[in-house]
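S.K.: First the structure, which I've put down as structure tokens, then a few questions once you've had a look.
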Amino acid sequence: MSKALDNLRLYAGVLKRVGYTMTFGMLNSGSREELLKLYNSYNGHQNGDATPVDPFIIPKTDVFELFGNDGAAYEGVYECGFGHTTEFELKVISNLVKKWNPHRIFEIGTFQGRTTLNMALNTGSDTEIITLDLPADDLATTKMEIEEGEVRYVKKEVSGERFLGHPAASKIRQVFGDSASFDFNGYINSVDVAFIDGSHAYEYVMNDSEKVFAIMRKGGIIIWHDYTNWPGVWTALNELYQNDIRFRGIRHIGGTSIAILAL
Ligand SMILES: C[S@@+](CC[C@H](N)C(=O)[O-])C[C@H]1O[C@@H](n2cnc3c(N)ncnc32)[C@H](O)[C@@H]1O
């Protein structure tokens, strides 16, 4: 009898967890990672493959080793959903930015500007933050193909609405265009922090990583979002990590979808 009760409890517990993961949990990168692992292990067994595929091969690093305790300032941390960094990711990025104390930040993919604003809140008054966004009108003419699932982040009335009119916006310079055809030449060797969060298509992540690498200053840091969320991102970053010596130092920040490369 007690065995049957134990099984019932186990069943109810798993059902509750699956219910959460398939609904609200989808907003959380940890839950999405869990789902992906489940999917991989299920498919692995179905295909008679004894080793489930874990696509996240980049070694993990711990946030507290990177910046110690949370000392950053925030706005709109909990106002997020699809297309945004999670609360924890925003705190991680804010702390990284604060620690790196950059003169110049370059972001690819502005969206509402929630991360842009929080980067501005955690930098000095002489910091310049350049944020590049693809105008909705340019959707049909991008040099490479973006993912269908991200069209909704491009199609918006306003780019950067979270910082427009905010006092910290004086540090932020918006630029518009397609990251594959944008002219990065004026920024070579001048960027201390780069945040790559534009298109999540493989070709774009490869393009953006290459373009951003060229504009970084020694001692800077490249931050990628969505390593564990989009196949195009993890395929590109795994490839760079494995095959390109310049990217061998990439690390995945545990508990987030963020990957970093400290130069
Ligand atoms: C996921 S959202 C970025 C979220 C934002 N970085 C944040 O943390 O809140 C992706 C953004 O990338 C932009 N984007 C997509 N493809 C792009 C491209 N080829 N060049 C420049 N920006 C692009 C979209 O318009 C969208 O604003």
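Following the order of the structure tokens, first chain is A, next is B, and so on, with residues numbered from 1 inside each chain and ligands from 1 in the order they appear.
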When the cut-off is 6 Å and you count only C-alpha atoms and all ligand atoms, which residues lie near ligand 1, shown as a list in words?
M.R.: Gly83, His84, Thr85, Ile108, Gly109, Thr110, Phe111, Gln112, Gly113, Arg114, Thr115, Leu132, Asp133, Leu134, Tyr153, Val154, Gly177, Asp178, Ser179, Asp197, Gly198 and Ser199 of chain A
S.K.: Determine which residues of range 75-251 of chain A DSSP labels as strand (DSSP E) from the backbone of this structure, then write them out as a VMD selection string.
M.R.: chain A and resid 104 to 108 128 to 133 172 to 176 191 to 196 216 to 224 251
S.K.: Please produce an output containing N, CA, C and O atoms for each residue in the selection, written as a CSV table (one decimal), in the first residue's frame.
M.R.:
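So part-v3.csv came out as:
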```
chain,number,residue,atom,x,y,z
A,104,ARG,N,33.5,51.9,-23.9
A,104,ARG,CA,32.6,51.7,-25.0
A,104,ARG,C,32.0,50.3,-25.0
A,104,ARG,O,32.7,49.3,-24.8
A,105,ILE,N,30.6,50.3,-25.2
A,105,ILE,CA,29.9,49.0,-25.2
A,105,ILE,C,29.2,49.0,-26.6
A,105,ILE,O,28.8,50.0,-27.1
A,106,PHE,N,29.3,47.8,-27.2
A,106,PHE,CA,28.5,47.6,-28.5
A,106,PHE,C,27.5,46.5,-28.4
A,106,PHE,O,27.9,45.3,-28.0
A,107,GLU,N,26.3,46.8,-28.6
A,107,GLU,CA,25.2,45.7,-28.5
A,107,GLU,C,24.7,45.5,-29.9
A,107,GLU,O,24.3,46.4,-30.6
A,108,ILE,N,24.5,44.2,-30.3
A,108,ILE,CA,23.8,43.9,-31.5
A,108,ILE,C,22.4,43.3,-31.1
A,108,ILE,O,22.4,42.3,-30.4
A,128,GLU,N,30.1,55.1,-23.5
A,128,GLU,CA,29.3,55.2,-24.7
A,128,GLU,C,28.7,53.8,-25.0
A,128,GLU,O,29.5,52.9,-25.1
A,129,ILE,N,27.4,53.8,-25.2
A,129,ILE,CA,26.8,52.5,-25.5
A,129,ILE,C,26.1,52.6,-26.9
A,129,ILE,O,25.2,53.4,-27.1
A,130,ILE,N,26.7,51.8,-27.8
A,130,ILE,CA,26.1,51.8,-29.2
A,130,ILE,C,25.2,50.6,-29.3
A,130,ILE,O,25.7,49.5,-29.0
A,131,THR,N,24.0,50.7,-29.7
A,131,THR,CA,23.1,49.6,-29.9
A,131,THR,C,22.6,49.5,-31.3
A,131,THR,O,22.0,50.5,-31.8
A,132,LEU,N,22.8,48.4,-31.9
A,132,LEU,CA,22.4,48.2,-33.3
A,132,LEU,C,21.1,47.4,-33.4
A,132,LEU,O,21.0,46.4,-32.8
A,133,ASP,N,20.2,47.9,-34.2
A,133,ASP,CA,18.9,47.1,-34.4
A,133,ASP,C,18.5,47.1,-35.9
A,133,ASP,O,18.8,48.1,-36.6
A,172,ILE,N,23.5,56.5,-24.5
A,172,ILE,CA,23.2,55.4,-25.5
A,172,ILE,C,23.0,56.0,-26.9
A,172,ILE,O,22.3,57.0,-27.1
A,173,ARG,N,23.7,55.4,-27.9
A,173,ARG,CA,23.6,55.9,-29.3
A,173,ARG,C,23.0,54.7,-30.1
A,173,ARG,O,23.5,53.6,-30.1
A,174,GLN,N,21.8,55.0,-30.7
A,174,GLN,CA,21.1,54.0,-31.5
A,174,GLN,C,21.6,54.0,-32.9
A,174,GLN,O,21.7,55.1,-33.5
A,175,VAL,N,22.0,52.9,-33.5
A,175,VAL,CA,22.3,52.8,-34.9
A,175,VAL,C,21.4,51.7,-35.5
A,175,VAL,O,21.0,50.8,-34.8
A,176,PHE,N,21.1,51.8,-36.8
A,176,PHE,CA,20.2,50.9,-37.4
A,176,PHE,C,20.8,50.3,-38.6
A,176,PHE,O,21.5,50.9,-39.4
A,191,VAL,N,36.2,48.6,-28.4
A,191,VAL,CA,35.1,48.2,-27.6
A,191,VAL,C,35.5,47.3,-26.4
A,191,VAL,O,36.3,46.4,-26.6
A,192,ASP,N,35.0,47.6,-25.3
A,192,ASP,CA,35.4,46.9,-24.0
A,192,ASP,C,34.4,45.8,-23.7
A,192,ASP,O,34.8,44.8,-23.1
A,193,VAL,N,33.1,46.1,-24.0
A,193,VAL,CA,32.1,45.1,-23.7
A,193,VAL,C,31.2,45.0,-25.0
A,193,VAL,O,30.7,46.0,-25.4
A,194,ALA,N,31.0,43.8,-25.5
A,194,ALA,CA,30.1,43.6,-26.6
A,194,ALA,C,29.0,42.6,-26.2
A,194,ALA,O,29.3,41.6,-25.5
A,195,PHE,N,27.8,42.9,-26.5
A,195,PHE,CA,26.7,42.0,-26.2
A,195,PHE,C,26.0,41.6,-27.5
A,195,PHE,O,25.5,42.4,-28.3
A,196,ILE,N,26.2,40.3,-27.9
A,196,ILE,CA,25.6,39.8,-29.1
A,196,ILE,C,24.3,39.1,-28.9
A,196,ILE,O,24.2,38.1,-28.3
A,216,MET,N,36.9,44.5,-30.8
A,216,MET,CA,37.2,44.4,-29.4
A,216,MET,C,38.6,44.9,-29.1
A,216,MET,O,39.5,44.8,-29.8
A,217,ARG,N,38.7,45.6,-27.9
A,217,ARG,CA,40.0,46.0,-27.3
A,217,ARG,C,40.5,44.9,-26.5
A,217,ARG,O,39.7,44.1,-25.9
A,218,LYS,N,41.8,44.7,-26.4
A,218,LYS,CA,42.4,43.7,-25.5
A,218,LYS,C,41.9,44.0,-24.0
A,218,LYS,O,41.9,45.1,-23.6
A,219,GLY,N,41.5,42.9,-23.3
A,219,GLY,CA,41.0,43.1,-22.0
A,219,GLY,C,39.5,43.2,-21.9
A,219,GLY,O,38.9,43.3,-20.9
A,220,GLY,N,38.9,43.3,-23.1
A,220,GLY,CA,37.4,43.4,-23.2
A,220,GLY,C,36.7,42.1,-23.0
A,220,GLY,O,37.4,41.0,-22.8
A,221,ILE,N,35.4,42.1,-23.1
A,221,ILE,CA,34.6,40.9,-22.9
A,221,ILE,C,33.5,40.8,-23.9
A,221,ILE,O,32.8,41.8,-24.1
A,222,ILE,N,33.3,39.7,-24.5
A,222,ILE,CA,32.2,39.5,-25.5
A,222,ILE,C,31.2,38.6,-24.7
A,222,ILE,O,31.5,37.6,-24.1
A,223,ILE,N,29.9,39.1,-24.7
A,223,ILE,CA,28.8,38.3,-24.1
A,223,ILE,C,27.8,37.9,-25.1
A,223,ILE,O,27.4,38.8,-25.9
A,224,TRP,N,27.5,36.6,-25.2
A,224,TRP,CA,26.5,36.2,-26.1
A,224,TRP,C,25.2,35.8,-25.3
A,224,TRP,O,25.4,35.1,-24.2
A,251,ARG,N,33.3,30.6,-22.3
A,251,ARG,CA,32.7,29.9,-21.1
A,251,ARG,C,31.2,30.1,-21.1
A,251,ARG,O,30.8,31.2,-21.4
```
S.K.: Taking 6 positions as the minimum chain separation for residues in the same chain, which residues sit within 9 Å of Ile57 in chain A when counting only C-alpha atoms? Answer as a PyMOL selection string.
M.R.: chain A and resi 234+238+241+252
S.K.: As a VMD selection string, which residues of range 166-212 of chain A does DSSP assign to helix (DSSP H, G or I)?
M.R.: chain A and resid 167 to 171 185 to 187 202 to 212
S.K.: Please provide the set of residues having any atom within 12 Å of Asp244 in chain A, restricted to only C-alpha atoms, with same-chain residues fewer than 5 positions apart removed, written as a VMD selection string.
M.R.: chain A and resid 206 209 to 210 236 to 239 249 to 250
S.K.: If we count only C-alpha atoms and set the cut-off at 8 Å, which residues sit around Ala180 in chain A, ignoring sequence neighbours fewer than 6 positions away in its own chain? Please answer as a PDB file with all heavy atoms, in the first residue's frame.
M.R.:
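Done, and the output landed in out.pdb:
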```
ATOM      1  N   THR A 142      17.447  41.520 -45.666  1.00  0.00           N
ATOM      2  CA  THR A 142      18.648  41.170 -44.897  1.00  0.00           C
ATOM      3  C   THR A 142      19.590  40.340 -45.777  1.00  0.00           C
ATOM      4  O   THR A 142      19.136  39.592 -46.651  1.00  0.00           O
ATOM      5  CB  THR A 142      18.304  40.368 -43.616  1.00  0.00           C
ATOM      6  OG1 THR A 142      17.503  39.255 -43.986  1.00  0.00           O
ATOM      7  CG2 THR A 142      17.607  41.219 -42.597  1.00  0.00           C
ATOM      8  N   LYS A 143      20.882  40.458 -45.495  1.00  0.00           N
ATOM      9  CA  LYS A 143      21.886  39.783 -46.319  1.00  0.00           C
ATOM     10  C   LYS A 143      21.774  38.255 -46.154  1.00  0.00           C
ATOM     11  O   LYS A 143      22.006  37.493 -47.079  1.00  0.00           O
ATOM     12  CB  LYS A 143      23.266  40.266 -45.874  1.00  0.00           C
ATOM     13  CG  LYS A 143      24.342  40.056 -46.886  1.00  0.00           C
ATOM     14  CD  LYS A 143      25.554  40.882 -46.530  1.00  0.00           C
ATOM     15  CE  LYS A 143      26.753  40.505 -47.358  1.00  0.00           C
ATOM     16  NZ  LYS A 143      27.951  41.199 -46.889  1.00  0.00           N
ATOM     17  N   MET A 144      21.468  37.815 -44.933  1.00  0.00           N
ATOM     18  CA  MET A 144      21.281  36.378 -44.686  1.00  0.00           C
ATOM     19  C   MET A 144      19.872  36.194 -44.146  1.00  0.00           C
ATOM     20  O   MET A 144      19.198  37.163 -43.802  1.00  0.00           O
ATOM     21  CB  MET A 144      22.280  35.908 -43.628  1.00  0.00           C
ATOM     22  CG  MET A 144      23.709  36.182 -43.979  1.00  0.00           C
ATOM     23  SD  MET A 144      24.702  36.070 -42.489  1.00  0.00           S
ATOM     24  CE  MET A 144      26.278  36.586 -43.099  1.00  0.00           C
ATOM     25  N   TYR A 204      24.150  34.202 -38.873  1.00  0.00           N
ATOM     26  CA  TYR A 204      24.247  35.515 -38.219  1.00  0.00           C
ATOM     27  C   TYR A 204      25.126  35.464 -36.974  1.00  0.00           C
ATOM     28  O   TYR A 204      25.911  36.379 -36.723  1.00  0.00           O
ATOM     29  CB  TYR A 204      22.851  36.054 -37.873  1.00  0.00           C
ATOM     30  CG  TYR A 204      22.345  36.951 -38.975  1.00  0.00           C
ATOM     31  CD1 TYR A 204      21.338  36.537 -39.827  1.00  0.00           C
ATOM     32  CD2 TYR A 204      22.922  38.195 -39.192  1.00  0.00           C
ATOM     33  CE1 TYR A 204      20.906  37.336 -40.863  1.00  0.00           C
ATOM     34  CE2 TYR A 204      22.494  39.010 -40.234  1.00  0.00           C
ATOM     35  CZ  TYR A 204      21.488  38.576 -41.063  1.00  0.00           C
ATOM     36  OH  TYR A 204      21.080  39.384 -42.092  1.00  0.00           O
ATOM     37  N   ASN A 207      28.584  35.465 -38.219  1.00  0.00           N
ATOM     38  CA  ASN A 207      28.909  36.806 -38.732  1.00  0.00           C
ATOM     39  C   ASN A 207      29.139  37.785 -37.578  1.00  0.00           C
ATOM     40  O   ASN A 207      30.148  38.494 -37.523  1.00  0.00           O
ATOM     41  CB  ASN A 207      27.758  37.304 -39.615  1.00  0.00           C
ATOM     42  CG  ASN A 207      27.880  38.791 -39.946  1.00  0.00           C
ATOM     43  OD1 ASN A 207      28.620  39.186 -40.830  1.00  0.00           O
ATOM     44  ND2 ASN A 207      27.160  39.638 -39.206  1.00  0.00           N
ATOM     45  N   ASP A 208      28.188  37.802 -36.633  1.00  0.00           N
ATOM     46  CA  ASP A 208      28.252  38.786 -35.545  1.00  0.00           C
ATOM     47  C   ASP A 208      29.476  38.535 -34.654  1.00  0.00           C
ATOM     48  O   ASP A 208      30.128  39.479 -34.196  1.00  0.00           O
ATOM     49  CB  ASP A 208      26.957  38.745 -34.707  1.00  0.00           C
ATOM     50  CG  ASP A 208      25.726  39.179 -35.528  1.00  0.00           C
ATOM     51  OD1 ASP A 208      25.911  39.590 -36.692  1.00  0.00           O
ATOM     52  OD2 ASP A 208      24.601  39.095 -35.003  1.00  0.00           O
TER      53      ASP A 208
END
```
S.K.: Just the residues within 12 Å of Gly68 in chain A, please, counting only C-alpha atoms, with nothing from its chain fewer than 4 positions along; format it as a ChimeraX atom specification.
M.R.: /A:62-64,72,92,95-96,98-99
S.K.: Please write the residues from the selection above to a file, keeping N, CA, C and O atoms, as a tab-separated table (two decimals), in the first residue's frame.
M.R.:
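Dumped to selection-v7.tsv:
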```tsv
chain	number	residue	atom	x	y	z
A	62	ASP	N	31.39	29.85	-13.06
A	62	ASP	CA	30.45	30.23	-12.02
A	62	ASP	C	30.38	31.75	-11.91
A	62	ASP	O	31.41	32.42	-11.92
A	63	VAL	N	29.18	32.30	-11.78
A	63	VAL	CA	29.04	33.76	-11.74
A	63	VAL	C	29.80	34.37	-10.58
A	63	VAL	O	30.40	35.43	-10.71
A	64	PHE	N	29.76	33.72	-9.44
A	64	PHE	CA	30.37	34.34	-8.26
A	64	PHE	C	31.89	34.38	-8.36
A	64	PHE	O	32.53	35.24	-7.79
A	72	ALA	N	25.24	45.47	-8.53
A	72	ALA	CA	24.76	46.33	-9.62
A	72	ALA	C	23.42	46.97	-9.30
A	72	ALA	O	22.75	46.62	-8.33
A	92	VAL	N	23.29	39.20	-14.08
A	92	VAL	CA	24.64	38.74	-14.42
A	92	VAL	C	25.30	39.74	-15.38
A	92	VAL	O	26.45	40.17	-15.17
A	95	ASN	N	26.22	43.01	-13.65
A	95	ASN	CA	27.41	42.87	-12.81
A	95	ASN	C	28.69	42.75	-13.64
A	95	ASN	O	29.73	43.31	-13.26
A	96	LEU	N	28.59	42.04	-14.76
A	96	LEU	CA	29.78	41.91	-15.62
A	96	LEU	C	30.17	43.29	-16.15
A	96	LEU	O	31.35	43.67	-16.15
A	98	LYS	N	29.48	46.21	-14.88
A	98	LYS	CA	30.00	47.04	-13.78
A	98	LYS	C	31.47	46.68	-13.50
A	98	LYS	O	32.31	47.55	-13.33
A	99	LYS	N	31.74	45.37	-13.49
A	99	LYS	CA	33.10	44.94	-13.20
A	99	LYS	C	34.07	45.36	-14.31
A	99	LYS	O	35.20	45.78	-14.04
```
S.K.: Hey, can you check how far CA of Ala214 in chain A sits from CA of Val151 in chain A?
M.R.: 27.3 Å
S.K.: Grab the CA of Pro102 in chain A to CA of Thr127 in chain A distance for me, in Å with one decimal place.
M.R.: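 Here the two named atoms are 6.5 Å from each other.
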S.K.: Of the residues A:Lys211, A:Asp70, A:Gly232, A:His166, which is the one nearest to Glu150 in chain A, using only C-alpha atoms?
M.R.: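 Once distances to Glu150 in chain A are computed over only C-alpha atoms, the minimum belongs to A:Gly232.
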S.K.: Excluding same-chain residues fewer than 3 positions from Ala73 in chain A, what lies within 8 Å of it counting only C-alpha atoms, as a PDB file with N, CA and C atoms, in the first residue's frame?
M.R.:
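New file result_21.pdb:
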```
ATOM      1  N   SER A  94      24.545  42.895 -15.890  1.00  0.00           N
ATOM      2  CA  SER A  94      24.770  44.183 -15.216  1.00  0.00           C
ATOM      3  C   SER A  94      26.037  44.127 -14.354  1.00  0.00           C
ATOM      4  N   ASN A 118      20.002  48.812 -18.599  1.00  0.00           N
ATOM      5  CA  ASN A 118      20.680  48.329 -17.391  1.00  0.00           C
ATOM      6  C   ASN A 118      22.199  48.367 -17.539  1.00  0.00           C
ATOM      7  N   LEU A 121      22.957  51.904 -16.681  1.00  0.00           N
ATOM      8  CA  LEU A 121      22.860  52.194 -15.244  1.00  0.00           C
ATOM      9  C   LEU A 121      24.095  51.724 -14.468  1.00  0.00           C
ATOM     10  N   ASN A 122      24.873  50.844 -15.085  1.00  0.00           N
ATOM     11  CA  ASN A 122      26.008  50.266 -14.367  1.00  0.00           C
ATOM     12  C   ASN A 122      27.361  50.672 -14.950  1.00  0.00           C
TER      13      ASN A 122
END
```
S.K.: By how many Å are CA of Leu117 in chain A and CA of Val97 in chain A apart?
M.R.: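 Straight-line distance from CA of Leu117 in chain A to CA of Val97 in chain A works out to 11.8 Å.
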